Structures are given as C-alpha cells and as structure tokens.
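One structure is given here, and the rest of the page talks about it.
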Amino acid sequence: MSQPTLAVRDLKTHFFTRGGVVKAVDGVSFQIGKGRILGLVGESGSGKSITGFSILGLVDPPGRVVEGEILLKGENLVGQPDERLRAVRGNRIAMIFQDPMMTLNPVLRIDTQMIEAVQAHHDVGADVARARARDALGRVGIPSPEERLNAYPHQFSGGMRQRVAIAIALLNNPEVIIADEPTTALDVTIQGQILYEVQKLCRETGTSLIWITHDLSVVAGLADDICVMYAGKIVESGPIDDVLDRSLHPYTKGLLGSVPSRNKRGSPLAQIPGMTPSLLSLPSGCPFADRCPRVQDDCRAALPPMVEYRPGQAARCIHPHVEGRA
C-alpha cells in the first residue's frame with residue numbers, strides 16, 4: 001500500500017481557558033491518499049475547522065496541539081518551528097477559509113497578493129507569477145482575469161472574493177488543500193462550477209482535498225471518503241457511498257434525516273433532539289448518548305472505541321445500525 005499524502009494520528013487540540021480545558025479536537029485520526037477527496041462533516045462546534053487549523057499550525061493561544069501526529073508524506077509537522085511551517089503553508093498545504101477576507105488584504109490589489117503568494121515559495125519573475133495568477137483566476141470562473149488582477153478586494157462581490165481566495169489556494173499546486181466551507185457564500189451555479197474544478201484538479205494533479213462542511217448534499221457528489229465528527233471526535237468514517245447509504249452511527253442517521261431532499265414533500269424535517277454537550281464537561285461515555293434514540297446503559301459507562309463493522313467503514317458506537325441488530 002502506498003504512503004498516504006497526509007495522515008493524522010490521534011490528534012488532540014485543547015484550549016486552556018479560565019473555565020477549564022476545552023477539548024476541541026480529541027483523538028482524531030484519518031488519512032488521505034494522492035488525488036483523493038475526504039469530506040469532514042458535522043454540526044457547528046464539532047471540531048472540523050480546528051482540525052484543519054491544527055494541520056497547518058494555525059491554532060492560536062490559549063489553544064495548542066497537545067498530542068498526536070500530522071504526517072505530510074511521512075514528515076511530522078507537529079512541533080516543527082514556525083519557519084518550517086511557513087514553508088509548508090500555501091505551498092505544500094493550502095487552506096481555503098470560509099471568510100475570504102481571512103485570505104485577502106483589503107488594502108492591496110489582487111495581483112500584488114497573488115504574485116507575492118507565488119514568489120514566497122518559488123524563484124520566478126513577476127511576469128511568470130502574474131501569468132500564473134491570471135490563469136488561476138480564469139480557472140475559478142472570474143471573467144476578464146487580466147483586468148481583475150488590478151482590482152482591490154472591495155471591488156468584488158462576496159462570492160467573487162471567495163473565488164479569488166480559492167484561486168490563491170490553487171496557485172502553487174499544493175499536495176493538500178483544506179477547504180473550510182468555501183462555497184457557503186456562492187450561488188448554486190458557481191458552487192457547482194467550483195466543485196467541478198476541484199474534482200478536476202484532484203484527478204489531474206493528484207492533489208488531496210479535505211472538504212470541511214455541514215452540507216451532506218455537497219460531499220455526496222464530491223468526496224471519495226467521509227469522516228463524521230461530533231464533540232471533537234470522529235464517530236463514523238468510510239467510503240462516501242457506504243456511509244451515506246448504510247450509516248452505522250445514529251448521529252450520521254440523524255444528519256441524513258434532516259436533509260430536505262431525503263424527506264417527502266410537505267412532511268416536517270426530522271430533527272436531532274437536544275444540544276451538543278459542552279466541551280468543557282464531556283460525559284465519560286458516548287458524547288451523543290443524551291440525544292441518541294438507541295442509547296442503553298452501557299453507552300454511558302465508557303467512551304466507545306472506533307470499530308470496523310464493515311470493510312473500510314467504522315463507527316464509534318456500541319449499538320450501531322447493523323443488519324441483524326435490533
């Protein structure tokens with residue numbers, strides 16, 4: 001078996017606050033191969049974005065990675081000096097943020113920002129860097145890319161700014177792209193175009209993509225594999241078709257039941273009862289126990305391990321939805 005492009009092993013990122021320790025990411029493990037797309041799915045506050053920030057070393061105090069490994073083609077990025085991480089960010093691993101203004105400087109022209117992003121990692125002239133920037137803007141569907149390079153961020157709409165941010169992530173042909181809900185602000189037509197482009201990029205260049213979202217309808221047509229997160233932990237993982245068609249964990253079932261397209265017209269949407277538990281005081285057993293329709297006494301006794309119930313498909317559940325079980 002070939003070496004994965006990125007392997008995350010038992011990653012723990014905690015925030016040390018006055019109120020206590022917030023275990024935002026608590027023992028997350030997954031890997032992604034060359035040219036593969038991984039969907040990282042869950043409710044707000046489940047730890048999806050912090051997982052992405054941890055991979056890039058972008059977690060600010062009072063948070064820090066306290067345990068685990070982040071292996072980029074075998075190189076562990078945890079504990080690396082800032083200089084090494086800066087060489088990796090935007091070059092070998094790029095991130096597309098949900099808010100494009102986290103990427104764009106409002107007082108610099110687009111060409112200045114994109115040329116700097118290329119020249120920070122490659123010894124090329126300004127003309128070559130500008131041509132690469134122009135091509136990247138065209139790839140994400142921005143009309144008249146040569147002219148738009150001379151614009152400032154405030155001269156773009158919100159959706160256009162997001163496309164510029166996506167183009168910046170594509171500039172250096174990274175080995176891994178982490179996309180944190182980047183199409184939230186885009187209309188469905190442009191969203192479809194962006195999803196097509198990132199799939200094409202992965203196929204043609206072998207770039208690995210981690211797509212962070214709460215929208216199961218997006219990852220259903222995009223991802224090869226999926227990890228479902230809840231309360232800082234992965235509760236189910238496996239090939240996308242297996243997880244969506246034959247879910248094991250009751251939380252995954254609940255998420256799928258709340259998608260409008262999966263319900264009959266005119267019928268109310270199913271809801272997952274209750275609220276996500278506080279990460280400051282997680283229960284000793286399954287964190288989903290208080291909201292789970294299949295809960296039993298043993299669910300509250302200890303945290304269930306990840307168990308592979310089907311080939312390649314695992315769940316952190318004692319009473320999963322498996323054929324032959326009540």
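Following the order of the structure tokens, first chain is A, next is B, and so on, with residues numbered from 1 inside each chain and ligands from 1 in the order they appear.
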Using only C-alpha atoms, tabulate the residues of segment 120-176 of chain A lying at most 12 Å from any atom of segment 79-101 of chain A, each with its closest atom pair and that distance in Å to one decimal, by chain and increasing residue number, as a Markdown table.
```
| residue | atom | partner | partner_atom | distance |
| --- | --- | --- | --- | --- |
| A:Ala120 | CA | A:Ala87 | CA | 8.5 |
| A:His121 | CA | A:Asn91 | CA | 6.5 |
| A:His122 | CA | A:Asn91 | CA | 9.0 |
| A:Tyr152 | CA | A:Met101 | CA | 11.7 |
| A:Pro153 | CA | A:Met101 | CA | 8.3 |
| A:His154 | CA | A:Met101 | CA | 9.9 |
| A:Phe156 | CA | A:Pro100 | CA | 11.0 |
| A:Ser157 | CA | A:Pro100 | CA | 10.7 |
| A:Gly158 | CA | A:Pro100 | CA | 7.9 |
| A:Gly159 | CA | A:Pro100 | CA | 8.9 |
| A:Met160 | CA | A:Pro100 | CA | 9.3 |
| A:Arg161 | CA | A:Pro100 | CA | 6.0 |
| A:Gln162 | CA | A:Pro100 | CA | 5.0 |
| A:Arg163 | CA | A:Pro100 | CA | 8.4 |
| A:Val164 | CA | A:Pro100 | CA | 8.0 |
| A:Ala165 | CA | A:Pro100 | CA | 5.8 |
| A:Ile166 | CA | A:Ile96 | CA | 5.9 |
| A:Ala167 | CA | A:Ile96 | CA | 9.2 |
| A:Ile168 | CA | A:Gly90 | CA | 8.4 |
| A:Ala169 | CA | A:Ala94 | CA | 5.4 |
| A:Leu170 | CA | A:Ala94 | CA | 7.8 |
| A:Leu171 | CA | A:Asn91 | CA | 8.4 |
| A:Asn172 | CA | A:Asn91 | CA | 5.5 |
| A:Asn173 | CA | A:Asn91 | CA | 7.3 |
| A:Pro174 | CA | A:Arg92 | CA | 4.4 |
| A:Glu175 | CA | A:Arg92 | CA | 5.1 |
| A:Val176 | CA | A:Ile93 | CA | 4.7 |
```
Could you save the residues just selected, with C-alpha atoms, as a CSV table (one decimal), in the first residue's frame?
```csv
chain,number,residue,atom,x,y,z
A,120,ALA,CA,7.1,33.4,-1.5
A,121,HIS,CA,7.7,29.8,-2.4
A,122,HIS,CA,9.1,29.8,-6.0
A,152,TYR,CA,-9.0,45.6,-4.9
A,153,PRO,CA,-11.0,43.2,-2.8
A,154,HIS,CA,-13.7,45.7,-2.1
A,156,PHE,CA,-15.5,42.3,-5.8
A,157,SER,CA,-18.8,40.8,-4.5
A,158,GLY,CA,-18.6,38.3,-1.6
A,159,GLY,CA,-18.9,35.4,-4.0
A,160,MET,CA,-16.2,36.8,-6.3
A,161,ARG,CA,-13.9,37.4,-3.3
A,162,GLN,CA,-14.3,33.7,-2.4
A,163,ARG,CA,-13.4,32.7,-5.9
A,164,VAL,CA,-10.2,34.8,-5.6
A,165,ALA,CA,-9.4,33.1,-2.3
A,166,ILE,CA,-9.8,29.7,-4.0
A,167,ALA,CA,-7.6,30.8,-6.9
A,168,ILE,CA,-4.9,31.7,-4.4
A,169,ALA,CA,-5.0,28.3,-2.8
A,170,LEU,CA,-4.5,26.7,-6.3
A,171,LEU,CA,-1.6,28.9,-7.2
A,172,ASN,CA,1.3,26.7,-6.1
A,173,ASN,CA,-0.3,23.3,-7.0
A,174,PRO,CA,-0.3,22.1,-3.4
A,175,GLU,CA,-0.2,18.5,-2.4
A,176,VAL,CA,-3.1,19.0,0.1
```
Cut-off 12 Å: closest segment 22-63 of chain A/segment 180-201 of chain A atom pairs per residue, using only C-alpha atoms, as JSON lines:
```
{"residue": "A:Lys34", "atom": "CA", "partner": "A:Leu201", "partner_atom": "CA", "distance": 11.6}
{"residue": "A:Gly35", "atom": "CA", "partner": "A:Leu201", "partner_atom": "CA", "distance": 8.4}
{"residue": "A:Arg36", "atom": "CA", "partner": "A:Gln199", "partner_atom": "CA", "distance": 9.0}
{"residue": "A:Ile37", "atom": "CA", "partner": "A:Gln199", "partner_atom": "CA", "distance": 8.0}
{"residue": "A:Leu38", "atom": "CA", "partner": "A:Gln199", "partner_atom": "CA", "distance": 11.4}
{"residue": "A:Gly39", "atom": "CA", "partner": "A:Asp180", "partner_atom": "CA", "distance": 10.4}
{"residue": "A:Leu40", "atom": "CA", "partner": "A:Asp180", "partner_atom": "CA", "distance": 9.3}
{"residue": "A:Val41", "atom": "CA", "partner": "A:Glu181", "partner_atom": "CA", "distance": 10.1}
{"residue": "A:Gly42", "atom": "CA", "partner": "A:Glu181", "partner_atom": "CA", "distance": 11.6}
{"residue": "A:Ser44", "atom": "CA", "partner": "A:Glu181", "partner_atom": "CA", "distance": 11.4}
{"residue": "A:Gly47", "atom": "CA", "partner": "A:Asp180", "partner_atom": "CA", "distance": 11.6}
{"residue": "A:Lys48", "atom": "CA", "partner": "A:Asp180", "partner_atom": "CA", "distance": 8.3}
{"residue": "A:Ser49", "atom": "CA", "partner": "A:Asp180", "partner_atom": "CA", "distance": 6.5}
{"residue": "A:Ile50", "atom": "CA", "partner": "A:Asp180", "partner_atom": "CA", "distance": 10.0}
{"residue": "A:Thr51", "atom": "CA", "partner": "A:Asp180", "partner_atom": "CA", "distance": 10.3}
{"residue": "A:Gly52", "atom": "CA", "partner": "A:Asp180", "partner_atom": "CA", "distance": 7.7}
{"residue": "A:Phe53", "atom": "CA", "partner": "A:Asp180", "partner_atom": "CA", "distance": 9.6}
```
> Using the chain letters and numbers from this document, which residues of segment 10-139 of chain A does DSSP assign to alpha helix (DSSP H), as a PyMOL selection string?
Replying inline: chain A and resi 48-56+82-88+110-119+126-139
>> Can you tell me which residues surround Pro260 of chain A at a distance of at most 10 Å, considering only C-alpha atoms, apart from same-chain residues fewer than 4 positions away, and format the answer as a PyMOL selection string?
In response: chain A and resi 217+256+264-265+267-270
> Quick one: residues within 10 Å of Gln313 of chain A, only C-alpha atoms counted, chain neighbours fewer than 5 positions away excluded, as a PyMOL selection string?
Replying inline: chain A and resi 225-227+236-240+242-243+246-248+306-308
> Would you give me, as number ranges by chain, the residues in segment 230-268 of chain A that DSSP reads as strand (DSSP E)?
Replying inline: A: 230, 233-239
> Could you pull the residues within 9 Å of Ile234 of chain A, counting only C-alpha atoms, minus those fewer than 4 positions along the same chain, as a ChimeraX atom specification?
Replying inline: /A:26-30,227-230,306,315-316
